[in-house]
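Undergrad: Just entry_3.txt, nothing more (compact mmCIF, C-alpha atoms and all ligand atoms):
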```txt
# COMPACT_ATOMS: atom_id res chain seq x y z
CA MET A 1 18.93 -132.29 80.44
CA VAL A 2 15.42 -132.26 81.87
CA THR A 3 14.95 -129.60 84.50
CA THR A 4 11.37 -128.37 84.51
CA ALA A 5 7.91 -129.87 84.79
CA LYS A 6 7.25 -128.66 81.24
CA ASP A 7 10.26 -130.60 79.91
CA VAL A 8 8.96 -133.72 81.63
CA LEU A 9 5.52 -133.39 80.08
CA GLN A 10 7.02 -132.86 76.65
CA LEU A 11 9.32 -135.89 76.89
CA VAL A 12 6.54 -138.08 78.17
CA ALA A 13 4.45 -137.21 75.12
CA GLU A 14 7.37 -137.70 72.68
CA ARG A 15 8.43 -141.06 74.14
CA ASN A 16 5.00 -142.68 74.51
CA VAL A 17 5.33 -142.98 78.25
CA ARG A 18 2.35 -144.73 79.75
CA PHE A 19 3.26 -145.13 83.41
CA ILE A 20 5.28 -143.08 85.85
CA ARG A 21 6.81 -144.46 89.00
CA LEU A 22 7.09 -141.90 91.76
CA GLN A 23 10.09 -143.04 93.81
CA PHE A 24 11.38 -142.22 97.27
CA THR A 25 13.36 -144.15 99.88
CA ASP A 26 12.58 -145.15 103.42
CA ILE A 27 14.95 -144.61 106.34
CA LEU A 28 16.73 -147.92 105.70
CA GLY A 29 17.37 -146.90 102.08
CA VAL A 30 14.81 -149.22 100.51
CA VAL A 31 13.30 -147.77 97.32
CA LYS A 32 9.52 -147.38 97.42
CA ASN A 33 7.30 -146.38 94.61
CA VAL A 34 3.80 -145.37 93.72
CA ALA A 35 2.91 -145.95 90.04
CA ILE A 36 0.60 -143.47 88.34
CA PRO A 37 -0.81 -143.49 84.81
CA VAL A 38 0.44 -140.69 82.63
CA SER A 39 -2.96 -138.98 82.89
CA GLU A 40 -2.10 -138.19 86.55
CA LEU A 41 1.30 -136.69 85.73
CA GLU A 42 0.21 -133.07 85.58
CA ARG A 43 -1.32 -133.38 89.01
CA ALA A 44 1.85 -135.05 90.29
CA LEU A 45 4.04 -132.28 88.92
CA ALA A 46 1.73 -129.75 90.60
CA ASN A 47 2.56 -131.57 93.87
CA GLU A 48 -0.97 -132.84 94.29
CA ILE A 49 -0.30 -136.58 94.71
CA MET A 50 -0.98 -138.01 98.17
CA PHE A 51 -0.14 -141.48 99.38
CA ASP A 52 -0.61 -143.46 102.54
CA GLY A 53 2.74 -143.41 104.34
CA SER A 54 1.70 -145.50 107.34
CA SER A 55 3.00 -148.81 105.97
CA ILE A 56 6.49 -147.52 105.20
CA GLU A 57 9.48 -148.07 107.53
CA GLY A 58 10.09 -144.99 109.62
CA PHE A 59 7.31 -143.01 108.03
CA THR A 60 4.23 -141.95 109.94
CA ARG A 61 1.89 -142.95 112.68
CA ILE A 62 -1.50 -144.14 111.48
CA GLU A 63 -3.24 -140.92 112.56
CA GLU A 64 -1.17 -138.73 110.25
CA SER A 65 -0.59 -141.12 107.40
CA ASP A 66 -1.37 -138.92 104.38
CA MET A 67 1.82 -137.84 102.70
CA ASN A 68 2.45 -135.65 99.68
CA LEU A 69 4.96 -136.58 96.96
CA ARG A 70 6.74 -133.76 95.15
CA PRO A 71 8.54 -135.06 92.06
CA ASP A 72 11.94 -133.57 91.24
CA PRO A 73 11.80 -132.98 87.45
CA SER A 74 15.61 -133.23 87.14
CA THR A 75 15.41 -136.92 88.09
CA PHE A 76 13.17 -137.92 85.18
CA ALA A 77 14.42 -141.09 83.45
CA LEU A 78 12.94 -143.80 81.26
CA PHE A 79 13.45 -147.45 82.24
CA PRO A 80 15.46 -148.62 79.22
CA TRP A 81 14.63 -152.30 79.82
CA ARG A 82 10.90 -151.68 79.37
CA PRO A 83 9.21 -151.57 75.93
CA ARG A 84 9.50 -148.36 73.88
CA GLU A 85 5.74 -148.34 73.31
CA ASN A 86 3.86 -147.72 76.56
CA ALA A 87 7.16 -146.89 78.17
CA VAL A 88 7.74 -146.59 81.91
CA ALA A 89 9.60 -143.66 83.47
CA ARG A 90 10.43 -142.61 86.98
CA LEU A 91 10.70 -139.42 89.01
CA ILE A 92 12.38 -139.24 92.40
CA CYS A 93 10.27 -137.33 94.91
CA ASP A 94 10.62 -135.32 98.07
CA VAL A 95 8.09 -136.20 100.74
CA TYR A 96 5.97 -133.50 102.36
CA HIS A 97 3.14 -133.28 104.85
CA PRO A 98 -0.24 -132.22 103.46
CA ASP A 99 0.29 -128.82 105.20
CA GLY A 100 3.32 -128.14 102.96
CA SER A 101 6.09 -128.77 105.50
CA PRO A 102 8.86 -131.21 104.55
CA PHE A 103 8.54 -134.62 106.20
CA ALA A 104 11.34 -135.16 108.74
CA GLY A 105 11.53 -138.88 107.91
CA ASP A 106 12.43 -138.27 104.25
CA PRO A 107 16.14 -139.13 103.82
CA ARG A 108 16.42 -136.74 100.88
CA HIS A 109 15.35 -133.95 103.20
CA VAL A 110 18.03 -134.93 105.75
CA LEU A 111 20.67 -134.57 103.02
CA ARG A 112 19.21 -131.26 101.82
CA ARG A 113 19.54 -129.91 105.38
CA ALA A 114 23.23 -130.94 105.51
CA LEU A 115 23.81 -129.27 102.14
CA ASN A 116 22.19 -126.07 103.42
CA GLU A 117 24.64 -126.15 106.30
CA ALA A 118 27.50 -126.43 103.78
CA ALA A 119 26.02 -123.52 101.83
CA THR A 120 25.94 -121.30 104.93
CA LEU A 121 29.69 -121.87 105.20
CA GLY A 122 30.03 -120.97 101.53
CA PHE A 123 30.56 -124.50 100.18
CA SER A 124 28.88 -126.81 97.71
CA VAL A 125 29.64 -130.52 97.90
CA GLN A 126 30.67 -132.80 95.05
CA ILE A 127 30.58 -136.58 95.48
CA GLY A 128 31.56 -139.58 93.39
CA ALA A 129 30.69 -143.01 94.83
CA GLU A 130 32.44 -146.27 93.93
CA CYS A 131 29.93 -149.08 94.26
CA GLU A 132 31.20 -152.63 94.69
CA PHE A 133 28.89 -155.64 94.46
CA PHE A 134 28.81 -159.36 93.74
CA LEU A 135 27.04 -161.14 90.91
CA PHE A 136 25.95 -164.62 91.98
CA HIS A 137 24.10 -167.41 90.25
CA ARG A 138 20.49 -168.09 91.06
CA SER A 139 19.17 -171.48 92.12
CA PRO A 140 16.87 -173.34 89.69
CA GLU A 141 13.98 -171.89 91.76
CA GLY A 142 15.36 -168.39 91.14
CA LYS A 143 16.68 -167.82 94.69
CA PRO A 144 19.99 -165.97 95.10
CA THR A 145 22.96 -168.21 95.92
CA THR A 146 26.55 -167.38 96.81
CA VAL A 147 27.83 -169.47 93.91
CA THR A 148 30.11 -167.89 91.35
CA HIS A 149 32.03 -169.77 88.68
CA ASP A 150 33.88 -166.65 87.83
CA GLU A 151 37.55 -166.99 88.67
CA ALA A 152 38.62 -163.55 87.48
CA GLY A 153 40.51 -161.10 89.67
CA TYR A 154 41.10 -157.37 89.76
CA PHE A 155 40.93 -155.75 86.30
CA ASP A 156 41.01 -159.14 84.56
CA LEU A 157 39.61 -159.32 81.08
CA GLY A 158 37.28 -162.03 79.73
CA PRO A 159 36.65 -164.80 78.86
CA VAL A 160 36.87 -165.77 82.55
CA ASP A 161 34.77 -162.79 83.53
CA LEU A 162 31.27 -164.27 83.23
CA GLY A 163 29.70 -161.26 84.87
CA GLU A 164 31.21 -158.94 82.28
CA ASP A 165 28.16 -159.02 80.01
CA ALA A 166 25.86 -158.26 82.89
CA ARG A 167 28.08 -155.45 84.15
CA ARG A 168 28.30 -153.90 80.69
CA ASP A 169 24.52 -154.00 80.33
CA ILE A 170 24.16 -152.32 83.74
CA VAL A 171 26.48 -149.51 82.61
CA ILE A 172 24.57 -149.14 79.31
CA ALA A 173 21.23 -148.97 81.14
CA LEU A 174 22.61 -146.31 83.51
CA ALA A 175 23.90 -144.26 80.57
CA GLU A 176 20.48 -144.45 78.90
CA MET A 177 19.02 -143.10 82.14
CA GLY A 178 21.42 -140.16 82.02
CA ILE A 179 23.80 -141.49 84.68
CA GLN A 180 27.44 -141.24 83.73
CA VAL A 181 29.83 -143.93 84.81
CA GLU A 182 33.45 -142.95 85.31
CA ALA A 183 34.80 -146.51 85.22
CA SER A 184 33.70 -150.09 85.75
CA HIS A 185 35.82 -153.17 86.32
CA HIS A 186 36.10 -156.55 87.94
CA GLU A 187 37.09 -156.36 91.61
CA VAL A 188 39.45 -158.53 93.65
CA ALA A 189 37.11 -161.35 94.70
CA PRO A 190 35.59 -163.89 92.29
CA GLY A 191 32.21 -162.60 91.12
CA GLN A 192 32.92 -159.11 92.49
CA HIS A 193 32.46 -155.97 90.38
CA GLU A 194 32.73 -152.23 90.74
CA ILE A 195 30.97 -149.31 89.07
CA ASP A 196 32.27 -145.81 89.74
CA LEU A 197 29.84 -142.95 89.29
CA LYS A 198 31.03 -139.65 87.88
CA TYR A 199 31.31 -136.72 90.25
CA SER A 200 28.15 -134.69 90.78
CA ASP A 201 26.46 -132.57 93.41
CA ALA A 202 25.79 -134.60 96.57
CA LEU A 203 22.00 -134.91 96.16
CA THR A 204 22.31 -136.17 92.58
CA ALA A 205 25.09 -138.52 93.70
CA ALA A 206 22.78 -140.07 96.32
CA ASP A 207 19.91 -140.38 93.80
CA GLN A 208 22.34 -142.13 91.46
CA VAL A 209 23.52 -144.65 94.05
CA VAL A 210 19.92 -145.61 94.78
CA THR A 211 19.27 -145.93 91.05
CA LEU A 212 22.44 -147.93 90.41
CA LYS A 213 21.50 -150.55 93.00
CA PHE A 214 18.04 -150.96 91.59
CA VAL A 215 19.23 -151.05 87.96
CA ALA A 216 21.99 -153.57 88.79
CA ARG A 217 19.47 -155.93 90.39
CA THR A 218 17.07 -155.59 87.47
CA ILE A 219 19.67 -156.15 84.74
CA ALA A 220 21.44 -158.97 86.63
CA ARG A 221 18.12 -160.79 86.82
CA GLN A 222 17.85 -160.65 83.03
CA HIS A 223 21.18 -162.50 82.94
CA ASP A 224 19.89 -165.03 85.47
CA LEU A 225 22.25 -163.58 88.04
CA HIS A 226 21.68 -161.91 91.38
CA ALA A 227 23.40 -158.60 92.14
CA THR A 228 24.00 -158.14 95.85
CA PHE A 229 25.24 -155.07 97.70
CA MET A 230 25.50 -157.03 100.95
CA PRO A 231 28.83 -155.89 102.43
CA LYS A 232 30.44 -159.28 103.15
CA PRO A 233 28.64 -162.16 101.47
CA LEU A 234 31.63 -164.56 101.56
CA PHE A 235 33.99 -165.34 104.41
CA GLY A 236 37.70 -165.22 103.52
CA VAL A 237 37.59 -162.84 100.53
CA ASN A 238 37.14 -159.07 100.14
CA GLY A 239 33.80 -157.57 100.96
CA SER A 240 32.03 -154.81 99.03
CA GLY A 241 32.67 -151.20 99.96
CA MET A 242 31.24 -147.94 98.72
CA HIS A 243 34.16 -145.56 98.82
CA VAL A 244 32.97 -141.97 98.88
CA HIS A 245 35.12 -139.42 97.02
CA LEU A 246 34.27 -135.91 98.15
CA SER A 247 35.38 -132.35 97.45
CA LEU A 248 34.13 -128.97 98.56
CA LEU A 249 33.78 -126.15 96.07
CA ARG A 250 33.83 -122.49 96.98
CA GLY A 251 33.00 -119.97 94.26
CA GLY A 252 33.44 -122.71 91.66
CA GLN A 253 37.00 -123.49 92.86
CA ASN A 254 38.15 -126.66 94.58
CA ALA A 255 38.41 -125.63 98.25
CA PHE A 256 40.58 -128.64 99.18
CA PHE A 257 43.50 -127.61 96.95
CA ASP A 258 46.33 -125.37 98.05
CA PRO A 259 49.63 -125.78 96.20
CA GLN A 260 51.46 -124.23 99.20
CA GLY A 261 49.74 -126.41 101.82
CA PRO A 262 51.07 -129.69 103.22
CA HIS A 263 50.61 -132.43 100.54
CA GLY A 264 48.97 -129.77 98.33
CA LEU A 265 45.98 -129.64 100.69
CA SER A 266 44.22 -126.53 101.97
CA GLN A 267 43.56 -125.83 105.64
CA ALA A 268 39.86 -126.55 104.92
CA ALA A 269 40.81 -130.02 103.64
CA LEU A 270 42.90 -130.71 106.75
CA TYR A 271 40.11 -129.58 109.10
CA PHE A 272 37.59 -131.61 107.09
CA ILE A 273 39.81 -134.67 107.63
CA GLY A 274 39.97 -133.75 111.34
CA GLY A 275 36.16 -133.78 111.48
CA LEU A 276 35.88 -137.05 109.54
CA LEU A 277 38.24 -138.74 112.02
CA ALA A 278 36.69 -137.18 115.14
CA HIS A 279 33.14 -138.30 114.30
CA ALA A 280 34.06 -141.63 112.66
CA PRO A 281 32.82 -143.98 115.41
CA ALA A 282 29.39 -142.28 115.45
CA TYR A 283 28.67 -142.03 111.73
CA THR A 284 29.77 -145.63 111.17
CA ALA A 285 26.32 -146.81 112.32
CA VAL A 286 24.89 -144.90 109.35
CA THR A 287 27.57 -145.65 106.74
CA ASN A 288 27.75 -149.34 107.79
CA PRO A 289 24.25 -150.12 109.01
CA LEU A 290 24.03 -153.93 108.93
CA VAL A 291 25.21 -156.60 111.36
CA ASN A 292 27.06 -157.95 108.31
CA SER A 293 28.81 -154.60 107.62
CA TYR A 294 31.23 -155.30 110.48
CA LYS A 295 32.36 -158.61 109.00
CA ARG A 296 33.89 -156.47 106.22
CA LEU A 297 35.69 -154.02 108.53
CA VAL A 298 38.38 -156.52 109.60
CA PRO A 299 42.13 -156.57 108.79
CA GLY A 300 43.44 -158.01 105.55
CA TYR A 301 40.71 -157.25 102.99
CA GLU A 302 41.44 -153.66 101.87
CA ALA A 303 38.72 -152.28 104.12
CA PRO A 304 39.58 -149.83 106.90
CA VAL A 305 39.65 -150.95 110.52
CA HIS A 306 41.35 -148.01 112.22
CA VAL A 307 40.66 -144.29 112.42
CA ALA A 308 43.56 -142.67 110.56
CA TRP A 309 44.30 -140.91 107.29
CA SER A 310 47.01 -141.18 104.69
CA VAL A 311 48.13 -139.68 101.45
CA GLN A 312 48.39 -143.00 99.63
CA ASN A 313 48.06 -146.06 101.79
CA ARG A 314 44.78 -147.94 101.30
CA SER A 315 44.50 -149.37 104.79
CA THR A 316 43.35 -146.07 106.33
CA LEU A 317 39.85 -144.69 106.80
CA VAL A 318 40.54 -141.51 104.84
CA ARG A 319 42.88 -141.43 101.87
CA VAL A 320 43.87 -138.52 99.65
CA PRO A 321 44.01 -139.75 96.05
CA VAL A 322 46.94 -138.39 94.05
CA GLN A 323 45.07 -135.82 91.87
CA ARG A 324 45.48 -132.16 92.80
CA GLY A 325 44.09 -128.94 91.36
CA ALA A 326 40.41 -129.26 90.39
CA GLY A 327 40.60 -133.02 91.12
CA THR A 328 41.68 -132.64 94.77
CA ARG A 329 39.46 -134.83 96.90
CA LEU A 330 39.21 -137.01 99.95
CA GLU A 331 38.22 -140.66 99.83
CA LEU A 332 36.34 -142.08 102.80
CA ARG A 333 36.82 -145.86 102.59
CA SER A 334 34.56 -147.20 105.33
CA PRO A 335 31.03 -146.86 103.88
CA ASP A 336 29.45 -149.92 102.32
CA PRO A 337 26.73 -150.08 99.69
CA SER A 338 24.06 -151.32 102.11
CA CYS A 339 23.85 -147.80 103.55
CA ASN A 340 21.15 -145.29 102.79
CA PRO A 341 23.26 -142.90 100.65
CA TYR A 342 21.22 -139.80 101.56
CA LEU A 343 21.78 -140.34 105.27
CA ALA A 344 25.38 -141.50 104.79
CA PHE A 345 26.35 -138.44 102.72
CA ALA A 346 24.58 -136.16 105.22
CA VAL A 347 26.52 -137.48 108.23
CA ILE A 348 29.84 -137.52 106.36
CA ILE A 349 29.37 -133.92 105.20
CA ARG A 350 28.33 -132.66 108.63
CA ALA A 351 31.27 -134.47 110.29
CA GLY A 352 33.74 -132.80 107.93
CA LEU A 353 32.10 -129.37 108.19
CA ASP A 354 32.28 -129.64 111.98
CA GLY A 355 36.03 -130.07 111.56
CA ILE A 356 36.09 -126.80 109.60
CA ARG A 357 33.85 -124.95 112.08
CA ARG A 358 35.78 -126.11 115.14
CA ARG A 359 39.19 -126.10 113.44
CA ILE A 360 39.92 -129.73 114.28
CA GLU A 361 43.56 -130.38 113.31
CA PRO A 362 43.99 -133.97 112.12
CA PRO A 363 46.82 -136.08 113.55
CA PRO A 364 49.76 -136.61 111.15
CA PRO A 365 49.04 -138.93 108.20
CA VAL A 366 50.00 -142.58 108.65
CA ASP A 367 51.84 -143.95 105.68
CA ARG A 368 52.44 -147.42 107.04
CA ASN A 369 50.16 -150.40 106.61
CA LEU A 370 47.92 -150.23 109.68
CA TYR A 371 47.14 -153.95 109.51
CA GLU A 372 50.83 -154.67 110.10
CA MET A 373 51.29 -152.42 113.16
CA THR A 374 51.06 -153.89 116.63
CA ALA A 375 48.29 -152.74 118.94
CA ALA A 376 50.92 -151.00 121.06
CA GLU A 377 52.26 -149.07 118.05
CA ARG A 378 48.77 -147.93 117.13
CA ALA A 379 48.06 -146.94 120.73
CA SER A 380 51.26 -144.88 120.91
CA LEU A 381 50.06 -142.93 117.84
CA GLY A 382 46.59 -142.50 119.36
CA ILE A 383 44.94 -144.51 116.58
CA ARG A 384 41.48 -145.79 117.56
CA ARG A 385 39.62 -148.73 116.09
CA LEU A 386 36.32 -148.31 114.23
CA PRO A 387 33.35 -149.92 116.02
CA ALA A 388 33.82 -153.70 115.93
CA ASN A 389 30.14 -154.51 115.55
CA LEU A 390 26.73 -152.89 115.13
CA ALA A 391 26.15 -152.64 118.89
CA GLU A 392 29.36 -150.65 119.39
CA ALA A 393 28.48 -148.42 116.44
CA LEU A 394 25.01 -147.70 117.85
CA ALA A 395 26.53 -146.83 121.24
CA ALA A 396 28.93 -144.40 119.51
CA LEU A 397 26.03 -142.84 117.60
CA GLU A 398 24.19 -142.24 120.86
CA ASN A 399 27.21 -140.37 122.19
CA ASP A 400 27.53 -137.91 119.32
CA PRO A 401 25.04 -135.03 119.39
CA LEU A 402 26.21 -133.63 116.03
CA ILE A 403 25.50 -136.84 114.12
CA ALA A 404 22.18 -137.27 115.95
CA GLU A 405 21.21 -133.69 115.07
CA THR A 406 22.17 -134.27 111.43
CA LEU A 407 19.69 -137.14 111.21
CA GLY A 408 17.07 -135.18 113.11
CA GLU A 409 14.95 -136.53 115.95
CA HIS A 410 12.56 -138.53 113.74
CA VAL A 411 15.17 -140.42 111.68
CA TYR A 412 17.52 -140.83 114.66
CA THR A 413 14.85 -142.47 116.83
CA HIS A 414 13.50 -144.76 114.13
CA PHE A 415 16.95 -145.75 112.96
CA LEU A 416 18.20 -146.57 116.47
CA ASP A 417 15.06 -148.54 117.34
CA ALA A 418 15.17 -150.60 114.13
CA LYS A 419 18.90 -151.28 114.43
CA ARG A 420 18.77 -152.24 118.12
CA ILE A 421 16.11 -154.83 117.32
CA GLU A 422 18.25 -156.13 114.42
CA TRP A 423 21.23 -156.46 116.75
CA GLU A 424 19.27 -158.22 119.52
CA ILE A 425 17.82 -160.76 117.10
CA TYR A 426 21.23 -161.45 115.58
CA ASN A 427 22.91 -161.66 118.94
CA SER A 428 20.61 -164.43 120.14
CA GLN A 429 21.32 -166.67 117.12
CA VAL A 430 23.54 -169.73 117.50
CA SER A 431 25.90 -169.88 114.51
CA ASN A 432 27.61 -172.81 112.82
CA TRP A 433 30.92 -171.35 113.91
CA GLU A 434 29.89 -171.68 117.58
CA LEU A 435 28.71 -175.26 117.11
CA ASP A 436 31.98 -176.19 115.37
CA GLN A 437 34.04 -174.56 118.11
CA TYR A 438 32.15 -175.51 121.24
CA LEU A 439 29.83 -178.47 120.78
CA GLY A 440 32.50 -181.15 121.03
CA THR A 441 34.74 -179.44 123.59
CA PHE A 442 32.39 -178.20 126.28
N1 LIG A 501 36.65 -154.22 98.46
C1 LIG A 501 37.45 -153.39 99.32
C2 LIG A 501 36.59 -152.85 100.48
O1 LIG A 501 35.96 -153.60 101.11
C3 LIG A 501 38.10 -152.23 98.59
C4 LIG A 501 38.97 -152.58 97.42
C5 LIG A 501 39.49 -151.32 96.72
O2 LIG A 501 40.44 -150.73 97.22
O3 LIG A 501 38.86 -150.89 95.75
O4 LIG A 501 36.55 -151.70 100.78
MG MG A 502 37.26 -150.99 94.54
```
Can I see the file as structure tokens?

TA:
Amino acid sequence: MVTTAKDVLQLVAERNVRFIRLQFTDILGVVKNVAIPVSELERALANEIMFDGSSIEGFTRIEESDMNLRPDPSTFALFPWRPRENAVARLICDVYHPDGSPFAGDPRHVLRRALNEAATLGFSVQIGAECEFFLFHRSPEGKPTTVTHDEAGYFDLGPVDLGEDARRDIVIALAEMGIQVEASHHEVAPGQHEIDLKYSDALTAADQVVTLKFVARTIARQHDLHATFMPKPLFGVNGSGMHVHLSLLRGGQNAFFDPQGPHGLSQAALYFIGGLLAHAPAYTAVTNPLVNSYKRLVPGYEAPVHVAWSVQNRSTLVRVPVQRGAGTRLELRSPDPSCNPYLAFAVIIRAGLDGIRRRIEPPPPVDRNLYEMTAAERASLGIRRLPANLAEALAALENDPLIAETLGEHVYTHFLDAKRIEWEIYNSQVSNWELDQYLGTF
């Protein structure tokens, strides 16, 4: 594994690398990059590369636009789809001000801060993300469509699975980039796929999600398909989630496991669940950031709608998968793959840690299908609904100082401003559904 600047320089020479892409993400999770010729690499690894940040979402004001990129050598990877001669590689960077202070608008920095908070409590955080997405055909002009001829369902094998070749090539490309995939399979809806990343430390896990999305789009294009991580591209079938599996380690041991505890869970695990439930409305704006995200969080499509936890049942927000011992973990089922994974992991981690700090006891687990309960039954158990749309989620975010503090003033303000504008624009549209319902009748 590459870990130092020296290793990077050596590999670059061995593999005939000609260009390096210095990558980072903006607040909305869009990957940005600055390409440098290999002759500039030493300077880059000495943290001497500057770029103009003023044109990037949520970055700087014009008057302080010079930003410094600091490549993380452990993220070095070759793009396997590019030629072997004059190869192209990438390094993921942290963003700093020219004076050497970390830039508050860098999502990677927001996650690092949350991980420092975990470290002060004695924990390190392990995450494995399950990324669901659709593969659609492209129009003859190359535009993405929502057309899929694939009629396969969950776990089906070919020959019906037309996306199988593309998915396999995505997994191979990830492996060549050093990213291990735990499993990959067809999902429930036609054209829907899932790739599960192996557990790693939270920062690496976020880097890998960003990479997976970009690799999936690139490889799908080579198969004349479009890979989309839009949460609910089709009405009437499952949407795409990004379930986050998370455990805390303390002194190398799984801190969520206690063979004597209820359901084999430690007190820390129970408090963490308490925190995840308490802050759920507020972090939803970050884990489900699009207007479209809320079209997925409706009953009947295996996505959570209500704030509850369970030991098995898949209709709840938090589920405890069956593994115990070193594999003890919590699964948060609300996030979708349109989120910025650095920000999403940061708010999830801080919500859970707040449960530990403040000893928030979770309510009892709910082992019934929440979709099938009446509103009165849910109310009698004190079960709240997740925000029903982006506007509700933004209002909840504004009412939660812990989640706001986790993002930090800079990211919080830019995120809220951008998302409020998105909501207002959406809210003034007149949809086909409205015309069908109202035009003839009123
Ligand atoms: N696609 C479902 C969702 O929107 C999840 C299906 C599953 O349980 O893997 O979260
Ligand atoms: Mg799935």

Undergrad: Any idea what the distance is between atom CA of A:His97 and atom CA of A:Gln23?

TA: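 Atom CA of A:Gln23 lies at a distance of 16.3 Å from atom CA of A:His97.
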
Undergrad: Taking all atoms listed in the file into account, name the residue in A:Glu372, A:Asp367, A:Glu424, A:Glu302 that is nearest to ligand LIG 501 (chain A).

TA: A:Glu302

Undergrad: With all atoms of ligand LIG 501 (chain A) from the file as input, state the centre and edge lengths in Å to one decimal of the axis-aligned box that has 6 Å extra on each side, as JSON.

TA:
```
{"center_x": 38.2, "center_y": -152.5, "center_z": 98.4, "size_x": 16.5, "size_y": 15.5, "size_z": 17.4}
```

Undergrad: Name all residues at most 8 Å from A:His137 (count all atoms listed in the file; drop same-chain ones fewer than 4 positions away) and give them as a list in words.

TA: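 Once the nearby chain positions are removed, what remains is Pro144, Thr145, Thr146, Val147, Thr148, Asp224, Leu225 and His226 of chain A.
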
Undergrad: Select the residues contacting ligand MG 502 (chain A) at a distance of at most 10 Å, based on only C-alpha atoms and all ligand atoms, then format the selection as a PyMOL selection string.

TA: chain A and resi 130-133+154+184-188+192-196+238-243+302-303+333

Undergrad: Work out how far apart atom CA of A:Val2 and atom CA of A:Pro73 are and give it in Å to one decimal.

TA: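 Computing the Euclidean distance for atom CA of A:Val2 and atom CA of A:Pro73 yields 6.7 Å.
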
Undergrad: Any idea what the distance is between atom CA of A:Leu41 and atom CA of A:Thr3?

TA: 15.4 Å

Undergrad: Determine the nearest neighbour of A:Asn68 from the options A:Phe345, A:Phe272, A:Phe229, A:Tyr96, counting all atoms listed in the file.

TA: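 When distances to A:Asn68 are compared using all atoms listed in the file, the smallest one comes from A:Tyr96.
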
Undergrad: Return the single residue from A:His223, A:Arg168, A:His245, A:Arg296 that is closest to ligand LIG 501 (chain A), with distances computed using all atoms listed in the file.

TA: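 Of the candidates, the smallest distance to ligand LIG 501 (chain A) is held by A:Arg296.
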
Undergrad: Starting from the point (19.7, -154.8, 118.2), work out which residues of protein, DNA or RNA have an atom no more than 12 Å away when counting only C-alpha atoms; state them as a list in words.

TA: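 Here the neighbourhood of the point contains Ala285, Pro289, Leu290, Val291, Asn389, Leu390, Ala391, Glu392, Ala393, Leu394, Ala395, Phe415, Leu416, Asp417, Ala418, Lys419, Arg420, Ile421, Glu422, Trp423, Glu424, Ile425, Tyr426, Asn427 and Ser428 of chain A.
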
Undergrad: Measuring between only C-alpha atoms, which one of A:Pro281, A:Ala129, A:Thr4, A:Ala119 shows the shortest distance to A:Leu332?

TA: A:Ala129

Undergrad: I'd like to know which of A:Val298, A:Leu276, A:Val347, A:Leu91 is closest to ligand LIG 501 (chain A), using all atoms listed in the file.

TA: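 The closest residue to ligand LIG 501 (chain A) is A:Val298.
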
Undergrad: From the set A:Val17, A:Gly105, A:Pro37, A:Leu277, which residue has the shortest atom-to-atom contact distance to A:Phe76, counting all atoms listed in the file?

TA: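 Of the candidates, the smallest distance to A:Phe76 is held by A:Val17.
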
Undergrad: May I have the residues within 9 Å of A:Pro364 as JSON, numbers by chain, using all atoms listed in the file and disregarding those fewer than 5 positions away in the same chain?

TA: {"A": [308, 309, 310]}
